[in-house]
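Trainee: Starting off with a structure, shown below.
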Amino acid sequence: QVQLVESGGGLVQAGGSLRLSCAASGRTFSMYAMGWFRQAPGKEREFVEAIRWSNPSTYYADSVKGRFTISRDNARNMVFLQMNSLKSEDTAVYYCASVSTENSSRFRGSPGRVGSYDYWGQGTQVTVSS
C-alpha cells in the first residue's frame with residue numbers, strides 16, 4: 001500500500017498563493033502517477049492536476065489552467081501543488097492521490113477520474129477569502 005499525507009493548506013486572501021505538499025510512503029516504487037483533487041461542501045470531488053512519476057507529462061483541469069502548477073520530487077517521494085491567483089471558488093478540501101503501476105492503463109485512459117486512483121490522503125483545507 002501507499003500512504004499519502006497532505007500539508008500546506010490554510011486561509012489566504014483572494015489573489016494570494018499557497019503551496020500544497022504531499023508526502024508518499026510505503027510501496028512508493030509501484031507509483032505510476034500522482035494527482036490532486038478537491039471537494040467543496042455539497043459538491044463532488046473534482047480533478048485538479050496530475051503528473052506521471054517517470055516522465056514530465058502533466059494533466060490539469062481547465063478551471064486551474066495558468067494558475068496552478070503540479071510538480072514532483074522523486075527522491076523525496078513528494079508531489080506539490082503551487083496555487084497562484086487564488087479565487088474564492090478554489091475553497092475546498094484538497095486531496096492527494098496516487099496510481100499504481102498495474103493500473104497505469106486505466107489512468108492513461110482517464111487521468112481526471114476519481115476511480116483511476118488507488119490511494120488517497122486525508123485532505124487539507126484551503127480557504128480563500130474574498
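We label chains A, B, ... in the order they appear in the C-alpha cells, count residues from 1 in each chain, and number ligands from 1 in the order shown.
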Among the residues of stretch 40-110 of chain A, find those DSSP assigns to helix (DSSP H, G or I) from the backbone and print them as an NGL selection string.

Mentor: :A and (62-64 or 74-76 or 88-90 or 101-109)

Trainee: Can you tell me, as a count of residues only, what residues are no more than 6 Å from A:Thr101 when counting only C-alpha atoms, ignoring any on the same chain fewer than 5 positions away?

Mentor: 3

Trainee: As a compact mmCIF listing (two decimals) with N, CA, C and O atoms, in the first residue's frame, please: the residues near stretch 52-57 of chain A (cut-off 10 Å, only C-alpha atoms, same-chain neighbours under 3 positions excluded).

Mentor:
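Output saved as out-v3.txt:
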# COMPACT_ATOMS: atom_id res chain seq x y z
N PHE A 29 7.66 2.60 -4.80
CA PHE A 29 8.28 2.14 -6.03
C PHE A 29 7.24 1.71 -7.06
O PHE A 29 7.54 1.61 -8.25
N SER A 30 6.02 1.46 -6.60
CA SER A 30 4.97 1.00 -7.50
C SER A 30 4.10 2.14 -8.04
O SER A 30 3.14 1.91 -8.76
N MET A 31 4.44 3.39 -7.69
CA MET A 31 3.62 4.51 -8.14
C MET A 31 3.85 4.83 -9.60
O MET A 31 4.99 4.89 -10.06
N TYR A 32 2.79 5.08 -10.33
CA TYR A 32 2.85 5.46 -11.74
C TYR A 32 2.56 6.94 -11.93
O TYR A 32 3.14 7.59 -12.80
N ALA A 33 1.67 7.47 -11.14
CA ALA A 33 1.29 8.88 -11.24
C ALA A 33 0.71 9.34 -9.92
O ALA A 33 0.32 8.53 -9.07
N MET A 34 0.67 10.65 -9.75
CA MET A 34 0.02 11.24 -8.58
C MET A 34 -0.80 12.42 -9.03
O MET A 34 -0.51 13.06 -10.05
N GLY A 35 -1.83 12.71 -8.26
CA GLY A 35 -2.71 13.79 -8.66
C GLY A 35 -3.28 14.52 -7.46
O GLY A 35 -3.14 14.09 -6.32
N SER A 71 4.10 19.66 -9.45
CA SER A 71 5.49 19.25 -9.62
C SER A 71 5.77 18.09 -8.68
O SER A 71 4.96 17.78 -7.80
N ARG A 72 6.90 17.44 -8.86
CA ARG A 72 7.22 16.29 -8.03
C ARG A 72 8.70 16.28 -7.71
O ARG A 72 9.53 16.87 -8.40
N ASP A 73 9.02 15.59 -6.62
CA ASP A 73 10.40 15.35 -6.20
C ASP A 73 10.51 13.84 -6.00
O ASP A 73 10.13 13.33 -4.94
N ASN A 74 11.03 13.16 -7.00
CA ASN A 74 11.07 11.70 -6.94
C ASN A 74 11.96 11.22 -5.80
O ASN A 74 11.63 10.23 -5.14
N ASN A 77 9.92 11.41 -2.77
CA ASN A 77 8.58 10.84 -2.91
C ASN A 77 7.51 11.86 -2.53
O ASN A 77 6.61 11.58 -1.72
N VAL A 79 4.95 15.22 -3.99
CA VAL A 79 4.33 15.98 -5.07
C VAL A 79 3.80 17.28 -4.48
O VAL A 79 3.41 17.33 -3.30
N SER A 98 -2.77 8.69 -5.58
CA SER A 98 -1.73 8.04 -6.37
C SER A 98 -2.30 6.89 -7.19
O SER A 98 -3.35 6.32 -6.85
N VAL A 99 -1.58 6.58 -8.25
CA VAL A 99 -1.94 5.49 -9.16
C VAL A 99 -0.83 4.45 -9.13
O VAL A 99 0.35 4.80 -9.24
N THR A 101 1.30 1.23 -10.64
CA THR A 101 1.77 0.87 -11.97
C THR A 101 0.83 -0.11 -12.66
O THR A 101 0.56 0.00 -13.86
N SER A 104 -1.89 1.58 -14.63
CA SER A 104 -1.47 2.71 -15.46
C SER A 104 -2.37 2.92 -16.68
O SER A 104 -2.65 4.05 -17.06
N PHE A 107 -5.39 4.85 -15.77
CA PHE A 107 -5.07 6.26 -15.58
C PHE A 107 -4.89 6.96 -16.94
O PHE A 107 -5.42 8.06 -17.15
N ARG A 108 -4.16 6.34 -17.85
CA ARG A 108 -3.92 6.98 -19.15
C ARG A 108 -5.23 7.20 -19.90
O ARG A 108 -5.37 8.17 -20.63
N PRO A 111 -7.23 10.34 -16.80
CA PRO A 111 -6.45 10.84 -15.67
C PRO A 111 -7.23 11.73 -14.71
O PRO A 111 -6.78 11.95 -13.58

Trainee: Excluding A:Trp36 and any residue of its chain fewer than 2 positions from it, enumerate the residues within 6 Å of it, using only C-alpha atoms, and give them as a PyMOL selection string.

Mentor: chain A and resi 48-49+95-96

Trainee: Measuring between only C-alpha atoms, which one of A:Ser110, A:Thr124, A:Gln39, A:Ser7 shows the shortest distance to A:Ser21?

Mentor: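 Residue with the minimum atom-to-atom distance to A:Ser21: A:Ser7.
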
Trainee: Find the spatial neighbours of A:Val114, counting only C-alpha atoms, within a cut-off of 8 Å - ignore same-chain residues fewer than 3 positions away - and output them as an mmCIF file with C-alpha atoms, in the first residue's frame.

Mentor:
data_model
loop_
_atom_site.group_PDB
_atom_site.id
_atom_site.type_symbol
_atom_site.label_atom_id
_atom_site.label_comp_id
_atom_site.auth_asym_id
_atom_site.auth_seq_id
_atom_site.Cartn_x
_atom_site.Cartn_y
_atom_site.Cartn_z
ATOM 1 C CA ARG A 45 -14.761 15.588 -5.709
ATOM 2 C CA GLU A 46 -13.179 17.136 -8.786
ATOM 3 C CA PHE A 47 -9.893 16.732 -10.559
ATOM 4 C CA TYR A 117 -6.625 6.434 -8.498
#

Trainee: Using only C-alpha atoms, pick whichever of A:Tyr119, A:Cys22, A:Ala92, A:Thr28 has the shortest atom-to-atom distance to A:Ile70.

Mentor: A:Cys22

Trainee: List every residue of stretch 40-84 of chain A that DSSP, applied to the backbone of this structure, assigns to strand (DSSP E), and report them as a list in words.

Mentor: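 Filtering stretch 40-84 of chain A to strand (DSSP E) leaves Glu46, Phe47, Val48, Glu49, Ala50, Ile51, Arg52, Thr58, Tyr59, Tyr60, Phe68, Thr69, Ile70, Ser71, Arg72, Asp73, Met78, Val79, Phe80, Leu81, Gln82 and Met83 of chain A.
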
Trainee: Could you save those same residues with N, CA, C and O atoms as an mmCIF file, in the first residue's frame?

Mentor:
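Dumped to selection_11.cif:
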data_model
loop_
_atom_site.group_PDB
_atom_site.id
_atom_site.type_symbol
_atom_site.label_atom_id
_atom_site.label_comp_id
_atom_site.auth_asym_id
_atom_site.auth_seq_id
_atom_site.Cartn_x
_atom_site.Cartn_y
_atom_site.Cartn_z
ATOM 1 N N GLU A 46 -13.547 16.815 -7.413
ATOM 2 C CA GLU A 46 -13.179 17.136 -8.786
ATOM 3 C C GLU A 46 -11.675 17.138 -8.980
ATOM 4 O O GLU A 46 -10.907 17.461 -8.065
ATOM 5 N N PHE A 47 -11.291 16.800 -10.183
ATOM 6 C CA PHE A 47 -9.893 16.732 -10.559
ATOM 7 C C PHE A 47 -9.282 18.117 -10.651
ATOM 8 O O PHE A 47 -9.924 19.066 -11.112
ATOM 9 N N VAL A 48 -8.009 18.222 -10.219
ATOM 10 C CA VAL A 48 -7.276 19.480 -10.328
ATOM 11 C C VAL A 48 -6.093 19.324 -11.285
ATOM 12 O O VAL A 48 -6.060 19.924 -12.343
ATOM 13 N N GLU A 49 -5.124 18.501 -10.903
ATOM 14 C CA GLU A 49 -3.945 18.261 -11.746
ATOM 15 C C GLU A 49 -3.367 16.893 -11.421
ATOM 16 O O GLU A 49 -3.580 16.356 -10.339
ATOM 17 N N ALA A 50 -2.589 16.366 -12.366
ATOM 18 C CA ALA A 50 -1.906 15.098 -12.159
ATOM 19 C C ALA A 50 -0.572 15.115 -12.891
ATOM 20 O O ALA A 50 -0.385 15.887 -13.841
ATOM 21 N N ILE A 51 0.324 14.246 -12.451
ATOM 22 C CA ILE A 51 1.640 14.164 -13.062
ATOM 23 C C ILE A 51 2.111 12.718 -13.035
ATOM 24 O O ILE A 51 1.856 11.994 -12.066
ATOM 25 N N ARG A 52 2.746 12.282 -14.095
ATOM 26 C CA ARG A 52 3.322 10.955 -14.104
ATOM 27 C C ARG A 52 4.611 10.947 -13.285
ATOM 28 O O ARG A 52 5.288 11.957 -13.178
ATOM 29 N N THR A 58 1.951 16.086 -17.643
ATOM 30 C CA THR A 58 1.026 16.602 -16.648
ATOM 31 C C THR A 58 -0.357 16.754 -17.263
ATOM 32 O O THR A 58 -0.517 16.841 -18.480
ATOM 33 N N TYR A 59 -1.345 16.790 -16.402
ATOM 34 C CA TYR A 59 -2.741 16.918 -16.806
ATOM 35 C C TYR A 59 -3.380 17.922 -15.850
ATOM 36 O O TYR A 59 -3.044 17.954 -14.664
ATOM 37 N N TYR A 60 -4.293 18.753 -16.363
ATOM 38 C CA TYR A 60 -4.880 19.748 -15.487
ATOM 39 C C TYR A 60 -6.319 20.029 -15.899
ATOM 40 O O TYR A 60 -6.731 19.807 -17.040
ATOM 41 N N PHE A 68 -2.463 27.134 -11.375
ATOM 42 C CA PHE A 68 -1.920 26.064 -10.532
ATOM 43 C C PHE A 68 -0.860 25.295 -11.313
ATOM 44 O O PHE A 68 -0.977 25.100 -12.521
ATOM 45 N N THR A 69 0.148 24.814 -10.590
ATOM 46 C CA THR A 69 1.211 24.022 -11.214
ATOM 47 C C THR A 69 1.564 22.852 -10.317
ATOM 48 O O THR A 69 1.860 23.038 -9.130
ATOM 49 N N ILE A 70 1.556 21.668 -10.899
ATOM 50 C CA ILE A 70 1.944 20.469 -10.166
ATOM 51 C C ILE A 70 3.404 20.155 -10.455
ATOM 52 O O ILE A 70 3.896 20.383 -11.566
ATOM 53 N N SER A 71 4.099 19.658 -9.447
ATOM 54 C CA SER A 71 5.487 19.249 -9.624
ATOM 55 C C SER A 71 5.766 18.086 -8.683
ATOM 56 O O SER A 71 4.958 17.782 -7.798
ATOM 57 N N ARG A 72 6.897 17.442 -8.865
ATOM 58 C CA ARG A 72 7.223 16.293 -8.033
ATOM 59 C C ARG A 72 8.702 16.279 -7.706
ATOM 60 O O ARG A 72 9.528 16.873 -8.404
ATOM 61 N N ASP A 73 9.020 15.591 -6.625
ATOM 62 C CA ASP A 73 10.398 15.349 -6.204
ATOM 63 C C ASP A 73 10.512 13.845 -6.001
ATOM 64 O O ASP A 73 10.128 13.328 -4.944
ATOM 65 N N MET A 78 7.637 13.028 -3.109
ATOM 66 C CA MET A 78 6.689 14.103 -2.807
ATOM 67 C C MET A 78 6.149 14.723 -4.084
ATOM 68 O O MET A 78 6.815 14.752 -5.115
ATOM 69 N N VAL A 79 4.945 15.222 -3.988
ATOM 70 C CA VAL A 79 4.328 15.979 -5.069
ATOM 71 C C VAL A 79 3.799 17.284 -4.475
ATOM 72 O O VAL A 79 3.413 17.330 -3.299
ATOM 73 N N PHE A 80 3.834 18.328 -5.291
ATOM 74 C CA PHE A 80 3.453 19.654 -4.825
ATOM 75 C C PHE A 80 2.394 20.261 -5.742
ATOM 76 O O PHE A 80 2.300 19.906 -6.915
ATOM 77 N N LEU A 81 1.642 21.182 -5.181
ATOM 78 C CA LEU A 81 0.686 21.937 -5.978
ATOM 79 C C LEU A 81 0.865 23.408 -5.632
ATOM 80 O O LEU A 81 0.506 23.834 -4.534
ATOM 81 N N GLN A 82 1.450 24.153 -6.547
ATOM 82 C CA GLN A 82 1.610 25.583 -6.371
ATOM 83 C C GLN A 82 0.355 26.271 -6.892
ATOM 84 O O GLN A 82 0.009 26.129 -8.063
ATOM 85 N N MET A 83 -0.314 26.990 -6.012
ATOM 86 C CA MET A 83 -1.576 27.628 -6.372
ATOM 87 C C MET A 83 -1.418 29.140 -6.291
ATOM 88 O O MET A 83 -1.138 29.677 -5.216
#

Trainee: Out of A:Gln13, A:Lys87, A:Glu44, A:Ala97, which residue has the shortest atom-to-atom distance to A:Ser63 when counting only C-alpha atoms?

Mentor: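 Under the stated criterion, the closest residue is A:Lys87.
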
Trainee: Find the distance between atom CA of A:Phe37 and atom CA of A:Arg76 and write it in Å to one decimal.

Mentor: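 Taking atom CA of A:Phe37 as the start and atom CA of A:Arg76 as the end point, the length is 21.0 Å.
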
Trainee: List the neighbours of A:Gln125 out to 8 Å using only C-alpha atoms; skip same-chain residues closer than 2 positions along the sequence, and give me the result as a ChimeraX atom specification.

Mentor: /A:9-10,91-94,123,127

Trainee: Restricting the calculation to only C-alpha atoms: of A:Leu18, A:Val5, A:Ala24, A:Val12, which residue gets closest to A:Asn84?

Mentor: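 With only C-alpha atoms as the atom set, the closest residue is A:Leu18.
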
Trainee: If you count only C-alpha atoms, which residues fall within 8 Å of A:Ser85, apart from same-chain ones fewer than 2 positions away, as a PyMOL selection string?

Mentor: chain A and resi 14-17+67+83+87

Trainee: Between A:Ser116, A:Ser130, A:Gly8, A:Leu20, which is the closest to A:Ser100 once you count only C-alpha atoms?

Mentor: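 Among the listed residues, the smallest separation from A:Ser100 belongs to A:Ser116.
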